[in-house]
Amino acid sequence: MNFTQGEFIYINKPYGMTSFGALAYVRTRLSRRLGVRRVKTGHAGTLDPLATGVLILCTGKKTKEIERLQLHTKEYTATLQLGATTPSYDMEHPVNESFPTEHITRQLIDETLPTFVGDIMQVPPTYSAVKINGDRAYELRRKGKDVQLQPKMIHVDSIDVTAFDAESMQLSLRVVCGKGTYIRSLARDIGRSLNSGAYLTALCRTRLGDVSITDCIKLDDFPQWLENQEIEG
């Protein structure tokens with residue numbers, strides 16, 4: 001492999017780590033192996049710290065492919081807790097409001113989900129990396145400032161229920177979607193459409209373009225994987 005010239009590295013990003021943290025971990029070990037100060041490295045499509053799954057790292061001249069890769073279709077598995085919300089729409093923050101769930105049935109869910117398929121308008125989470133006059137939205141929120149984000153057009157190819165527990169009110173979904181889709185916002189909006197609330201308790205990107213999670217290296221296994229590679233250049 002010629003990492004200086006350019007390669008793709010498929011990582012299964014672990015829970016609790018930022019995408020940049022995963023990139024830095026790989027870049028440090030790659031640079032050390034190649035005996036250079038810093039290998040040019042980038043990633044295609046940020047994953048939230050509490051999300052896991054497919055993270056494509058690009059080195060060298062392959063970093064020019066990042067914009068193209070971000071346009072590819074993505075697939076996620078997500079678990080929603082119905083009946084409550086958090087400020088970040090996931091487990092980064094504690095529950096801030098609870099809602100009734102007695103009326104929620106599998107039939108109601110099946111009738112509601114199709115309204116989120118196709119081209120839809122979506123407001124990004126205020127706890128996100130969206131920029132407002134040069135500042136990240138999540139940085140403004142953490143400083144206690146009010147954040148207003150504009151809705152954006154996104155595309156959702158399909159949403160399928162993989163499990164629903166009427167006692168715990170946990171709903172598991174498989175979502176196939178395009179660039180710019182926030183699954184946390186989708187959870188928020190599904191909760192509202194069910195006349196209740198919802199936030200994510202688990203999120204995994206299982207596919208990005210043709211790259212499946214089965215193609216990915218666990219971050220802990222990366223040093224050994226790198227050791228086994230024949231390096232050119």
# chains A, B, ... in the order shown; residues from 1 in each chain; ligands from 1
call {"tool": "closest_atom_pairs", "arguments": {"of": "segment 50-153 of chain A", "to": "segment 198-220 of chain A", "cutoff": "8 Å", "atoms": "only C-alpha atoms", "output": "CSV"}}
result
residue,atom,partner,partner_atom,distance
A:Leu50,CA,A:Leu203,CA,7.3
A:Ala51,CA,A:Leu203,CA,4.9
A:Thr52,CA,A:Cys204,CA,4.7
A:Gly53,CA,A:Arg205,CA,4.6
A:Val54,CA,A:Ile213,CA,5.5
A:Leu69,CA,A:Gly209,CA,7.3
A:His72,CA,A:Gly209,CA,4.9
A:Thr73,CA,A:Gly209,CA,5.3
A:Lys74,CA,A:Leu208,CA,4.6
A:Glu75,CA,A:Arg207,CA,4.9
A:Tyr76,CA,A:Arg205,CA,4.3
A:Thr77,CA,A:Cys204,CA,5.3
A:Ala78,CA,A:Leu203,CA,4.5
A:Thr79,CA,A:Ala202,CA,5.1
A:Leu80,CA,A:Leu200,CA,4.6
A:Gln81,CA,A:Ala198,CA,5.4
A:Leu82,CA,A:Ala198,CA,4.3
A:Gly83,CA,A:Ala198,CA,5.8
A:Ala84,CA,A:Ala198,CA,5.3
A:Thr85,CA,A:Ala198,CA,5.3
A:Thr86,CA,A:Tyr199,CA,6.5
A:Tyr89,CA,A:Tyr199,CA,4.6
A:Asp90,CA,A:Leu200,CA,4.4
A:Met91,CA,A:Thr201,CA,6.0
call {"tool": "write_last_selection", "arguments": {"atoms": "C-alpha atoms", "output": "PDB file, in the first residue's frame"}}
result
ATOM      1  CA  LEU A  50     -22.049   8.472  20.460  1.00  0.00           C
ATOM      2  CA  ALA A  51     -22.429   6.834  17.034  1.00  0.00           C
ATOM      3  CA  THR A  52     -20.430   3.870  15.772  1.00  0.00           C
ATOM      4  CA  GLY A  53     -19.760   2.373  12.377  1.00  0.00           C
ATOM      5  CA  VAL A  54     -18.330   3.100   8.946  1.00  0.00           C
ATOM      6  CA  LEU A  69     -17.653  10.059  -1.045  1.00  0.00           C
ATOM      7  CA  HIS A  72     -22.893   8.537  -1.432  1.00  0.00           C
ATOM      8  CA  THR A  73     -25.960   6.913   0.109  1.00  0.00           C
ATOM      9  CA  LYS A  74     -25.668   5.982   3.786  1.00  0.00           C
ATOM     10  CA  GLU A  75     -27.370   3.282   5.833  1.00  0.00           C
ATOM     11  CA  TYR A  76     -27.902   3.415   9.586  1.00  0.00           C
ATOM     12  CA  THR A  77     -29.377   1.287  12.324  1.00  0.00           C
ATOM     13  CA  ALA A  78     -30.898   3.387  15.082  1.00  0.00           C
ATOM     14  CA  THR A  79     -32.698   2.780  18.367  1.00  0.00           C
ATOM     15  CA  LEU A  80     -35.125   5.432  19.571  1.00  0.00           C
ATOM     16  CA  GLN A  81     -36.481   5.838  23.072  1.00  0.00           C
ATOM     17  CA  LEU A  82     -40.031   7.112  22.671  1.00  0.00           C
ATOM     18  CA  GLY A  83     -41.748   9.275  25.268  1.00  0.00           C
ATOM     19  CA  ALA A  84     -38.887  11.623  26.148  1.00  0.00           C
ATOM     20  CA  THR A  85     -36.437  14.138  24.688  1.00  0.00           C
ATOM     21  CA  THR A  86     -32.930  15.403  25.425  1.00  0.00           C
ATOM     22  CA  TYR A  89     -31.623  14.288  20.771  1.00  0.00           C
ATOM     23  CA  ASP A  90     -29.263  11.521  21.957  1.00  0.00           C
ATOM     24  CA  MET A  91     -27.719  10.336  25.248  1.00  0.00           C
TER      25      MET A  91
END
call {"tool": "select_by_dssp", "arguments": {"residues": "segment 26-147 of chain A", "states": "strand (DSSP E or B)", "output": "number ranges by chain"}}
result
A: 41-44, 52-59, 74-82, 84-85, 97-98, 118-122, 131-132, 135-136
call {"tool": "write_last_selection", "arguments": {"atoms": "C-alpha atoms", "output": "tab-separated table (two decimals), in the first residue's frame"}}
result
chain	number	residue	atom	x	y	z
A	41	THR	CA	-5.30	12.39	6.11
A	42	GLY	CA	-9.00	13.28	6.03
A	43	HIS	CA	-12.34	11.58	6.67
A	44	ALA	CA	-15.51	11.36	4.60
A	52	THR	CA	-20.43	3.87	15.77
A	53	GLY	CA	-19.76	2.37	12.38
A	54	VAL	CA	-18.33	3.10	8.95
A	55	LEU	CA	-15.77	5.91	8.85
A	56	ILE	CA	-13.79	6.22	5.62
A	57	LEU	CA	-10.32	7.72	6.06
A	58	CYS	CA	-8.46	9.00	3.01
A	59	THR	CA	-4.70	9.52	2.80
A	74	LYS	CA	-25.67	5.98	3.79
A	75	GLU	CA	-27.37	3.28	5.83
A	76	TYR	CA	-27.90	3.41	9.59
A	77	THR	CA	-29.38	1.29	12.32
A	78	ALA	CA	-30.90	3.39	15.08
A	79	THR	CA	-32.70	2.78	18.37
A	80	LEU	CA	-35.13	5.43	19.57
A	81	GLN	CA	-36.48	5.84	23.07
A	82	LEU	CA	-40.03	7.11	22.67
A	84	ALA	CA	-38.89	11.62	26.15
A	85	THR	CA	-36.44	14.14	24.69
A	97	GLU	CA	-38.90	16.44	29.05
A	98	SER	CA	-41.25	13.45	29.12
A	118	GLY	CA	-38.47	11.08	0.07
A	119	ASP	CA	-37.36	14.72	-0.10
A	120	ILE	CA	-38.12	16.33	3.26
A	121	MET	CA	-37.13	19.49	5.11
A	122	GLN	CA	-35.10	18.91	8.25
A	131	LYS	CA	-21.57	26.81	11.47
A	132	ILE	CA	-23.29	30.08	12.41
A	135	ASP	CA	-18.97	29.45	15.14
A	136	ARG	CA	-20.07	25.84	15.59
call {"tool": "closest_residue", "arguments": {"among": "A:Asp48, A:Glu7, A:Asp110, A:Glu67", "to": "Leu30 of chain A", "atoms": "only C-alpha atoms"}}
result
A:Glu7
call {"tool": "residues_around", "arguments": {"residues": "Asp146 of chain A", "least_positions_apart": "6", "cutoff": "10 Å", "atoms": "only C-alpha atoms", "output": "PDB file with N, CA and C atoms, in the first residue's frame"}}
result
ATOM      1  N   THR A 126     -29.279  21.516  17.202  1.00  0.00           N
ATOM      2  CA  THR A 126     -28.484  22.676  17.624  1.00  0.00           C
ATOM      3  C   THR A 126     -27.154  22.235  18.234  1.00  0.00           C
ATOM      4  N   ALA A 137     -22.411  25.428  16.018  1.00  0.00           N
ATOM      5  CA  ALA A 137     -23.663  25.537  16.774  1.00  0.00           C
ATOM      6  C   ALA A 137     -23.528  24.942  18.178  1.00  0.00           C
ATOM      7  N   LEU A 140     -21.823  27.274  20.632  1.00  0.00           N
ATOM      8  CA  LEU A 140     -22.707  28.348  21.095  1.00  0.00           C
ATOM      9  C   LEU A 140     -23.681  27.830  22.150  1.00  0.00           C
TER      10      LEU A 140
END
call {"tool": "closest_residue", "arguments": {"among": "A:Leu149, A:Met1, A:Ile66, A:Leu47", "to": "Phe20 of chain A", "atoms": "only C-alpha atoms"}}
result
A:Leu47
call {"tool": "closest_residue", "arguments": {"among": "A:Lys179, A:Lys64, A:Arg141, A:Arg184", "to": "Lys40 of chain A", "atoms": "only C-alpha atoms"}}
result
A:Lys64
call {"tool": "closest_residue", "arguments": {"among": "A:Val39, A:Ala129, A:Ile104, A:Ala24", "to": "Ile190 of chain A", "atoms": "only C-alpha atoms"}}
result
A:Ile104
call {"tool": "residues_around", "arguments": {"residues": "segment 153-163 of chain A", "least_positions_apart": "5", "cutoff": "8 Å", "atoms": "only C-alpha atoms", "output": "number ranges by chain"}}
result
A: 113-114, 116-122, 171-181
call {"tool": "write_last_selection", "arguments": {"atoms": "C-alpha atoms", "output": "PDB file, in the first residue's frame"}}
result
ATOM      1  CA  LEU A 113     -42.839   6.609   9.119  1.00  0.00           C
ATOM      2  CA  PRO A 114     -43.726   6.899   5.385  1.00  0.00           C
ATOM      3  CA  PHE A 116     -40.373  10.837   6.400  1.00  0.00           C
ATOM      4  CA  VAL A 117     -39.471   9.073   3.151  1.00  0.00           C
ATOM      5  CA  GLY A 118     -38.473  11.080   0.069  1.00  0.00           C
ATOM      6  CA  ASP A 119     -37.360  14.716  -0.095  1.00  0.00           C
ATOM      7  CA  ILE A 120     -38.118  16.327   3.260  1.00  0.00           C
ATOM      8  CA  MET A 121     -37.129  19.491   5.115  1.00  0.00           C
ATOM      9  CA  GLN A 122     -35.097  18.913   8.251  1.00  0.00           C
ATOM     10  CA  LEU A 171     -38.145   1.537  18.478  1.00  0.00           C
ATOM     11  CA  SER A 172     -35.364   0.191  16.257  1.00  0.00           C
ATOM     12  CA  LEU A 173     -35.066   1.388  12.668  1.00  0.00           C
ATOM     13  CA  ARG A 174     -33.004   0.865   9.538  1.00  0.00           C
ATOM     14  CA  VAL A 175     -32.615   4.136   7.642  1.00  0.00           C
ATOM     15  CA  VAL A 176     -31.178   4.619   4.140  1.00  0.00           C
ATOM     16  CA  CYS A 177     -30.566   8.266   3.326  1.00  0.00           C
ATOM     17  CA  GLY A 178     -28.505  10.865   1.489  1.00  0.00           C
ATOM     18  CA  LYS A 179     -25.979  13.524   2.421  1.00  0.00           C
ATOM     19  CA  GLY A 180     -26.749  15.930   5.259  1.00  0.00           C
ATOM     20  CA  THR A 181     -29.325  13.756   7.029  1.00  0.00           C
TER      21      THR A 181
END
call {"tool": "closest_residue", "arguments": {"among": "A:Ser168, A:Pro223, A:Ser128, A:Val95", "to": "Gly197 of chain A", "atoms": "only C-alpha atoms"}}
result
A:Val95
call {"tool": "closest_residue", "arguments": {"among": "A:Gly6, A:Pro14, A:Gly144, A:Gly134", "to": "Lys61 of chain A", "atoms": "only C-alpha atoms"}}
result
A:Gly6
call {"tool": "atom_distance", "arguments": {"atom1": "atom CA of Ser88 of chain A", "atom2": "atom CA of Pro124 of chain A"}}
result
10.4 Å
